[in-house]
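Enquirer: Before we start, here is the structure in question, set down as C-alpha cells.
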There are 2 protein chains.
Amino acid sequence: MLGNFTFENPTRLHFGENSLEHLKEELALYGKTVMLSYGGGSIKRTGLYDQVVNVLHEAGKTIVEDSGVMPNPTVEKLYEGCKLARENNVDLILAVGGGSVCDYAKGVAASAWLDGDPWQTYYLDYKDPEPSLRLLPVGCILTMVGTGSEMNGGSVITNHKQNLKIGKVFDSRLMPKFTILNPKLTYTVPQYQMVAGFFDIMSHLMEQYFSNEDDSTSDYLNEGLMRSLIHSSRIAVKKPQDYEARSNIMWTATWALNTLVGKGKRQDWMVHMIGQAIGAVTDATHGMTLAAVTIPYYKYIMHCGLHQFVRFAKNVWNVCPDGKTDEQVALEGLNALEGWMKEIGVAMNAAEVGVTPENIGQVADATILGGGFMQLTRDDIVEILRRAL
Amino acid sequence: MLGNFTFENPTRLHFGENSLEHLKEELALYGKTVMLSYGGGSIKRTGLYDQVVNVLHEAGKTIVEDSGVMPNPTVEKLYEGCKLARENNVDLILAVGGGSVCDYAKGVAASAWLDGDPWQTYYLDYKDPEPSLRLLPVGCILTMVGTGSEMNGGSVITNHKQNLKIGKVFDSRLMPKFTILNPKLTYTVPQYQMVAGFFDIMSHLMEQYFSNEDDSTSDYLNEGLMRSLIHSSRIAVKKPQDYEARSNIMWTATWALNTLVGKGKRQDWMVHMIGQAIGAVTDATHGMTLAAVTIPYYKYIMHCGLHQFVRFAKNVWNVCPDGKTDEQVALEGLNALEGWMKEIGVAMNAAEVGVTPENIGQVADATILGGGFMQLTRDDIVEILRRAL
C-alpha cells in the first residue's frame with residue numbers, strides 16, 4: 001500500500017534537441033542579473049558556453065561569472081558562490097553542467113541570503129530554510145545525466161576537512177524553476193563519466209525499490225524505468241550518439257529521482273551513504289563509488305527482504321522462477337544485475353575507486369548509518385567494504 | 001525515441017487517509033470567497049460535505065454554494081457556474097466529487113471572466129485563454145477515481161442540443177493548484193461507477209500506449225501503471241474496501257493522465273472520441289462507453305501497429321511468444337484484456353450503453369475523427385460500432 005505523502009514538483013522541463021530555444025522565454029521571467037555557474041572548460045570547448053552567453057546578452061542580462069564548480073562541489077566553493085551571489089544581488093542562478101553544478105546552485109540559492117553557516121544549517125543540522133528567507137531561483141541546462149538534480153531539491157556538498165559528503169534534500173521552493181534537457185548535449189561526456197551516470201540512475205531506482213513488504217504502484221513505475229534504462233544503456237555504451245537511447249536515458253534519469261518512485265514507501269539509501277563516504281575520502285567519481293559496493297551490499301541484506309529481490313529478478317531481469325527456491329531466484333537477479341554492470345563497464349570493486357585495506361576504517365567512519373530491510377552498524381559497513389575490495 | 005516536449009505540472013497532491021488535514025493550509029493561500037462545487041447528495045450522505053464546510057468556516061471563508069454538477073457536466077451548467085463565480089467575485093473554486101466536478105470547475109475557472117462564449121472559444125475553437133485573462137484557481141477533493149482530472153488541465157463538457165461531448169485540455173495555468181486524495185473517500189462509490197472508473201484509467205493508458213514505432217521510456221512507465229492497475233483492480237472488485245488496492249488504483253489513475261506517459265509520443269484517442277460520442281447521445285457512464293468499443297476498436301486497428309500489440313501482450317499480460325506468430329501473440333494479449341474486463345465487470349458491448357442499430361449513425365456523426373496507427377473515417381466508426389453491438 002501507499003503510505004501518506006505530499007507530491008509536488010514545480011520544475012518546468014523543456015526536452016529535446018531544440019530545447020535551448022526555450023531559454024529566452026524563461027529568462028524573461030527574472031530580473032537583470034544572472035549568475036552563470038559552471039564547471040571547467042568543457043562547456044567552452046563544446047560551444048555551449050557561447051550559445052548560452054549569446055542568449056543572455058540578447059535577453060539584456062548582466063552576467064556574473066561563476067566558473068570552477070568541481071565534480072564534488074566543496075563547502076569552500078559554496079561559500080564563495082554565496083558571497084558572489086549576494087554581493088552582486090543576483091536575480092537568477094543559471095547552472096550549466098552536470099548534477100554537481102545543479103546541486104551547488106541549489107546550495108547557493110538557499111544560502112546566499114542566510115545569516116549563519118549553510119554547511120552547519122542545511123547539511124549537518126538538516127534544517128529547512130525559514131519561510132521568510134530570500135531564496136534565489138535556479139534554472140538548469142543539463143550536460144550530463146545521472147543525478148536527477150534537474151528536477152528535485154537535492155544538493156550534495158563535500159567537506160574535505162571533515163571527511164564528509166552530505167546530501168541535503170530541499171523542499172520544492174528550491175527545485176529548479178526550469179530545466180533544459182537536450183540529449184545531444186550529453187554526447188560529449190567521456191565514456192567513463194557517461195557510464196557512471198547510468199549506474200547512478202540505476203542505483204537511485206534500486207535504493208527506492210529495495211524496501212517495504214507490500215504492493216505499491218511506485219514499484220511498478222520503478223520497474224518500468226529500470227527496464228528502460230537497462231535496454232537503452234546497452235545501446236548507448238556501444239553507440240553513444242544513438243539519440244533514441246540517450247533521450248530515453250535522460251528522461252529516465254529525471255524520473256528516477258524526482259521523488260515519484262519513492263512516494264508512499266520507506267527507502268534505503270545505504271549504497272549512496274557508503275558511496276558518498278568513499279567519495280569524501282578518495283574523491284572518486286560518484287556513480288563508480290556506488291557500483292563498487294552495490295553487489296556486496298545487496299548480497300549482504302538480501303535475506304532480510306527476499307520477496308523484493310525475487311520480484312526484482314522476475315520483473316526486471318525476466319528470471320524464470322520455475323523449480324527454483326526464492327533464494328536462487330533472488331541470486332539470479334543479482335547475477336543478472338552484475339552481468340549488466342560488467343557489460344556497460346562500471347567499477348566492479350572498491351579498489352578501483354581508491355578504497356584500500358588501510359582506509360576502510362576512515363570510509364566506515366564517514367558513512368552515515370541507516371538502512372531499510374536491515375539497519376546497518378559500523379561493523380557491517382566495514383564487512384561490506386572488505387567484501388567489495 | 002522521445003519527441004520534443006515541455007513537461008510541467010504544478011498541482012500539489014496530498015495523498016492518504018488523513019489528507020483532508022491539509023485543506024486548511026491550502027485555503028490559507030487564497031482570498032475569502034470560496035465557491036463550493038459538487039454534484040448531488042452523495043457527499044452530504046457520506047458526511048464529507050459537513051467536514052469540508054467545517055474547515056471552510058474555521059478558515060473564515062464565505063461559501064458560495066454550487067451544487068448539482070451532473071456526471072456529464074452540461075454547457076448550461078457551465079454558464080450557470082460562470083455567472084455565480086463572477087457575480088460573487090470568488091477567489092477559489094473548490095471542487096468536491098469525481099472527475100466531472102473537477103472538469104467542470106476548470107471550465108468555470110477559465111470562463112468566469114471571459115467576455116465571449118466559453119463553449120465556442122475553448123471547446124469548439126479549442127483556443128487557450130489569453131495571458132491577460134483572469135483565471136480562477138481550482139482546488140480538488142476527489143471522491144471517485146478514473147478521469148485523472150485532479151492533476152491535469154482536462155475539462156470535458158457536454159452540449160446535448162448539439163449532440164457533442166468535447167474535452168478541452170487547458171495548459172498548466174488551469175491545472176488544480178492542489179488536490180486532496182483520500183482512497184477511503186472512494187469506498188462509497190457504487191460498484192458500477194467504481195469499475196467504470198477502473199476501465200477509464202486503463203483506457204487512458206492504452207490510448208497513449210498504442211502509437212509510435214520506436215522505443216520510448218513513456219511506454220515502460222505506462223506498462224508499469226497498467227500492471228499495477230490490473231493487479232489492484234482484481235482485488236478491489238472483490239474487496240472494495242481493501243486500502244492497499246484502492247490506494248494504488250487512486251495513484252495510478254492520477255499518473256495515467258497527467259501527461260507523463262504520453263510525453264514524446266503520438267497518441268490515439270479514438271476510443272475516447274467514440275465513447276464520448278456515445279455519451280453525448282445516450283448519456284451513459286463514461287468508462288462503460290469506452291469499454292463497450294475497446295475490443296472491437298483494437299482488433300480493427302491491430303494490423304496497423306502489430307509490434308506494439310505484441311509488446312502489450314508480452315509486457316503487460318505475460319503472454320509467452322514461443323512458437324507463435326506476431327498476430328497470434330497480439331490477439332492473445334487482446335484476449336487477456338477481454339478476460340480481465342469480464343472479470344472486473346465492465347460493459348462488454350455497445351448495446352449495454354444504449355447504442356442501437358438506429359442511433360449508430362448519430363453516434364458516428366458525433367465522433368470527432370482522428371487516429372494513431374490508422375486514421376479513421378466515418379465509415380470505419382460505423383463498422384466498429386456495428387461490431388461492438
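Residue names in the C-alpha cells use chain letters A, B, ... in the order shown, residue numbers from 1 in each chain, and ligand numbers from 1 in the order shown.
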Write out, as JSON lines, each residue of chain A that has an atom at most 10 Å from chain B, together with the closest pair of atoms and their distance in Å to one decimal, counting only C-alpha atoms, rows going by chain and rising number.
Expert:
{"residue": "A:Met1", "atom": "CA", "partner": "B:Glu244", "partner_atom": "CA", "distance": 4.1}
{"residue": "A:Leu2", "atom": "CA", "partner": "B:Ser247", "partner_atom": "CA", "distance": 6.2}
{"residue": "A:Gly3", "atom": "CA", "partner": "B:Gly16", "partner_atom": "CA", "distance": 6.6}
{"residue": "A:Asn4", "atom": "CA", "partner": "B:Gly16", "partner_atom": "CA", "distance": 4.4}
{"residue": "A:Phe5", "atom": "CA", "partner": "B:Phe15", "partner_atom": "CA", "distance": 5.3}
{"residue": "A:Thr6", "atom": "CA", "partner": "B:His14", "partner_atom": "CA", "distance": 4.4}
{"residue": "A:Phe7", "atom": "CA", "partner": "B:Leu13", "partner_atom": "CA", "distance": 5.1}
{"residue": "A:Glu8", "atom": "CA", "partner": "B:Arg12", "partner_atom": "CA", "distance": 4.6}
{"residue": "A:Asn9", "atom": "CA", "partner": "B:Pro10", "partner_atom": "CA", "distance": 6.3}
{"residue": "A:Pro10", "atom": "CA", "partner": "B:Pro10", "partner_atom": "CA", "distance": 4.8}
{"residue": "A:Thr11", "atom": "CA", "partner": "B:Glu8", "partner_atom": "CA", "distance": 6.6}
{"residue": "A:Arg12", "atom": "CA", "partner": "B:Glu8", "partner_atom": "CA", "distance": 4.6}
{"residue": "A:Leu13", "atom": "CA", "partner": "B:Phe7", "partner_atom": "CA", "distance": 5.1}
{"residue": "A:His14", "atom": "CA", "partner": "B:Thr6", "partner_atom": "CA", "distance": 4.4}
{"residue": "A:Phe15", "atom": "CA", "partner": "B:Phe5", "partner_atom": "CA", "distance": 5.3}
{"residue": "A:Gly16", "atom": "CA", "partner": "B:Asn4", "partner_atom": "CA", "distance": 4.4}
{"residue": "A:Glu17", "atom": "CA", "partner": "B:Asn4", "partner_atom": "CA", "distance": 7.2}
{"residue": "A:Asn18", "atom": "CA", "partner": "B:Asn4", "partner_atom": "CA", "distance": 7.6}
{"residue": "A:Ser19", "atom": "CA", "partner": "B:Asn4", "partner_atom": "CA", "distance": 7.6}
{"residue": "A:His22", "atom": "CA", "partner": "B:Thr6", "partner_atom": "CA", "distance": 9.5}
{"residue": "A:Phe178", "atom": "CA", "partner": "B:Glu8", "partner_atom": "CA", "distance": 9.2}
{"residue": "A:Thr179", "atom": "CA", "partner": "B:Thr6", "partner_atom": "CA", "distance": 9.8}
{"residue": "A:Ile180", "atom": "CA", "partner": "B:Thr6", "partner_atom": "CA", "distance": 9.3}
{"residue": "A:Leu181", "atom": "CA", "partner": "B:Thr6", "partner_atom": "CA", "distance": 9.7}
{"residue": "A:Asn182", "atom": "CA", "partner": "B:Asn4", "partner_atom": "CA", "distance": 9.3}
{"residue": "A:Pro183", "atom": "CA", "partner": "B:Leu2", "partner_atom": "CA", "distance": 10.0}
{"residue": "A:Asp214", "atom": "CA", "partner": "B:Glu244", "partner_atom": "CA", "distance": 8.3}
{"residue": "A:Asp215", "atom": "CA", "partner": "B:Glu244", "partner_atom": "CA", "distance": 7.2}
{"residue": "A:Ser216", "atom": "CA", "partner": "B:Asn248", "partner_atom": "CA", "distance": 6.2}
{"residue": "A:Thr217", "atom": "CA", "partner": "B:Asn248", "partner_atom": "CA", "distance": 5.5}
{"residue": "A:Ser218", "atom": "CA", "partner": "B:Asn248", "partner_atom": "CA", "distance": 8.5}
{"residue": "A:Asp219", "atom": "CA", "partner": "B:Gly224", "partner_atom": "CA", "distance": 8.2}
{"residue": "A:Tyr220", "atom": "CA", "partner": "B:Gly224", "partner_atom": "CA", "distance": 4.5}
{"residue": "A:Leu221", "atom": "CA", "partner": "B:Gly224", "partner_atom": "CA", "distance": 4.9}
{"residue": "A:Asn222", "atom": "CA", "partner": "B:Gly224", "partner_atom": "CA", "distance": 7.7}
{"residue": "A:Glu223", "atom": "CA", "partner": "B:Gly224", "partner_atom": "CA", "distance": 6.8}
{"residue": "A:Gly224", "atom": "CA", "partner": "B:Tyr220", "partner_atom": "CA", "distance": 4.5}
{"residue": "A:Leu225", "atom": "CA", "partner": "B:Leu221", "partner_atom": "CA", "distance": 6.4}
{"residue": "A:Met226", "atom": "CA", "partner": "B:Tyr220", "partner_atom": "CA", "distance": 8.8}
{"residue": "A:Arg227", "atom": "CA", "partner": "B:Tyr220", "partner_atom": "CA", "distance": 7.1}
{"residue": "A:Ser228", "atom": "CA", "partner": "B:Thr217", "partner_atom": "CA", "distance": 5.7}
{"residue": "A:Leu229", "atom": "CA", "partner": "B:Thr217", "partner_atom": "CA", "distance": 8.2}
{"residue": "A:His231", "atom": "CA", "partner": "B:Asp215", "partner_atom": "CA", "distance": 9.3}
{"residue": "A:Ser232", "atom": "CA", "partner": "B:Asp215", "partner_atom": "CA", "distance": 8.8}
{"residue": "A:Asp242", "atom": "CA", "partner": "B:Met1", "partner_atom": "CA", "distance": 9.6}
{"residue": "A:Tyr243", "atom": "CA", "partner": "B:Met1", "partner_atom": "CA", "distance": 7.1}
{"residue": "A:Glu244", "atom": "CA", "partner": "B:Met1", "partner_atom": "CA", "distance": 4.1}
{"residue": "A:Ala245", "atom": "CA", "partner": "B:Met1", "partner_atom": "CA", "distance": 7.1}
{"residue": "A:Arg246", "atom": "CA", "partner": "B:Met1", "partner_atom": "CA", "distance": 8.6}
{"residue": "A:Ser247", "atom": "CA", "partner": "B:Leu2", "partner_atom": "CA", "distance": 6.2}
{"residue": "A:Asn248", "atom": "CA", "partner": "B:Thr217", "partner_atom": "CA", "distance": 5.5}
{"residue": "A:Ile249", "atom": "CA", "partner": "B:Thr217", "partner_atom": "CA", "distance": 8.0}
{"residue": "A:Met250", "atom": "CA", "partner": "B:Thr217", "partner_atom": "CA", "distance": 9.6}
{"residue": "A:Trp251", "atom": "CA", "partner": "B:Thr217", "partner_atom": "CA", "distance": 7.3}
{"residue": "A:Thr252", "atom": "CA", "partner": "B:Thr217", "partner_atom": "CA", "distance": 6.7}
{"residue": "A:Trp255", "atom": "CA", "partner": "B:Leu221", "partner_atom": "CA", "distance": 9.9}
{"residue": "A:Leu260", "atom": "CA", "partner": "B:Trp255", "partner_atom": "CA", "distance": 10.0}
{"residue": "A:Lys263", "atom": "CA", "partner": "B:Phe15", "partner_atom": "CA", "distance": 9.6}
{"residue": "A:Gly264", "atom": "CA", "partner": "B:Phe15", "partner_atom": "CA", "distance": 8.8}
{"residue": "A:Asn315", "atom": "CA", "partner": "B:Asn315", "partner_atom": "CA", "distance": 9.5}
Enquirer: Excluding same-chain residues fewer than 6 positions from Gly116 in chain B, what lies within 12 Å of it counting only C-alpha atoms, as a list in words?
Expert: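 Neighbouring residues, sequence-local ones excluded: Tyr79, Cys82, Ala110, Tyr122, Pro129 and Leu133 of chain B.
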Enquirer: Can you list, as a ChimeraX atom specification, every residue of range 61-150 of chain B that DSSP puts in strand (DSSP E)?
Expert: /B:62-66,92-97,138-142
Enquirer: Residues as selected, N, CA and C atoms, written as a compact mmCIF listing (two decimals), in the first residue's frame, can you do that?
Expert:
# COMPACT_ATOMS: atom_id res chain seq x y z
N THR B 62 -16.16 32.63 3.18
CA THR B 62 -17.55 32.77 2.77
C THR B 62 -17.80 31.74 1.67
N ILE B 63 -18.85 30.94 1.84
CA ILE B 63 -19.10 29.86 0.89
C ILE B 63 -20.15 30.26 -0.12
N VAL B 64 -19.83 30.08 -1.39
CA VAL B 64 -20.82 30.23 -2.46
C VAL B 64 -21.22 28.82 -2.89
N GLU B 65 -22.44 28.43 -2.58
CA GLU B 65 -22.91 27.07 -2.88
C GLU B 65 -23.11 26.87 -4.38
N ASP B 66 -22.60 25.78 -4.90
CA ASP B 66 -22.74 25.48 -6.32
C ASP B 66 -22.95 23.98 -6.48
N LEU B 92 -11.62 31.29 -5.10
CA LEU B 92 -11.17 29.90 -5.29
C LEU B 92 -12.40 29.06 -5.61
N ILE B 93 -12.23 28.11 -6.52
CA ILE B 93 -13.28 27.11 -6.75
C ILE B 93 -12.81 25.82 -6.11
N LEU B 94 -13.59 25.33 -5.16
CA LEU B 94 -13.24 24.07 -4.50
C LEU B 94 -14.19 22.99 -5.03
N ALA B 95 -13.64 22.08 -5.83
CA ALA B 95 -14.43 21.02 -6.44
C ALA B 95 -14.38 19.79 -5.55
N VAL B 96 -15.55 19.32 -5.11
CA VAL B 96 -15.60 18.13 -4.27
C VAL B 96 -16.44 17.09 -4.98
N GLY B 97 -15.79 16.02 -5.43
CA GLY B 97 -16.51 14.99 -6.15
C GLY B 97 -15.60 14.22 -7.07
N VAL B 138 -8.28 26.55 -8.88
CA VAL B 138 -9.15 25.41 -8.55
C VAL B 138 -8.44 24.51 -7.55
N GLY B 139 -9.16 24.07 -6.54
CA GLY B 139 -8.69 23.01 -5.65
C GLY B 139 -9.64 21.84 -5.77
N CYS B 140 -9.18 20.65 -5.49
CA CYS B 140 -9.99 19.47 -5.76
C CYS B 140 -9.91 18.48 -4.59
N ILE B 141 -11.07 18.00 -4.17
CA ILE B 141 -11.13 16.89 -3.21
C ILE B 141 -11.82 15.75 -3.94
N LEU B 142 -11.09 14.70 -4.23
CA LEU B 142 -11.57 13.67 -5.14
C LEU B 142 -12.31 12.56 -4.40
Enquirer: Write out as a list in words each polymer residue whose atoms come within 10 Å of Leu376 in chain A, counting only C-alpha atoms; drop sequence neighbours fewer than 6 positions from it.
Expert: Met270, Ile301, Ile368, Leu369 and Gly370 of chain A
Enquirer: Could you please write out, as a ChimeraX atom specification, every residue of range 90-161 of chain A that DSSP assigns to alpha helix (DSSP H)?
Expert: /A:99-111,118
Enquirer: Write out the residues from the selection above, keeping C-alpha atoms, as a compact mmCIF listing (two decimals), in the first residue's frame.
Expert:
# COMPACT_ATOMS: atom_id res chain seq x y z
CA GLY A 99 24.34 17.31 -11.47
CA SER A 100 27.19 18.76 -9.44
CA VAL A 101 26.69 22.23 -10.84
CA CYS A 102 22.98 21.98 -10.28
CA ASP A 103 23.43 20.65 -6.71
CA TYR A 104 25.80 23.51 -5.99
CA ALA A 105 23.44 26.10 -7.47
CA LYS A 106 20.65 24.98 -5.13
CA GLY A 107 23.04 25.24 -2.20
CA VAL A 108 23.90 28.81 -3.15
CA ALA A 109 20.24 29.63 -3.82
CA ALA A 110 19.35 28.57 -0.29
CA SER A 111 22.37 30.17 1.36
CA PRO A 118 24.91 26.94 5.42
Enquirer: Would you compute the distance between CA of Glu21 in chain B and CA of Pro240 in chain B? Give it in Å to one decimal.
Expert: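 Atom-to-atom, CA of Glu21 in chain B to CA of Pro240 in chain B, that is 23.9 Å.
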Enquirer: With only C-alpha atoms as the atoms that count, which of B:Leu185, B:Gln267, B:Gln375, B:Ile344 lies nearest to Thr46 in chain B?
Expert: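 Distance minimum relative to Thr46 in chain B lands on B:Leu185.
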Enquirer: Pick out the closest residue to Gly372 in chain B from this set: B:Tyr209, B:Trp119, B:Tyr49, B:Tyr192. Count only C-alpha atoms.
Expert: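 Comparing B:Tyr209, B:Trp119, B:Tyr49, B:Tyr192 against Gly372 in chain B, the winner is B:Tyr209.
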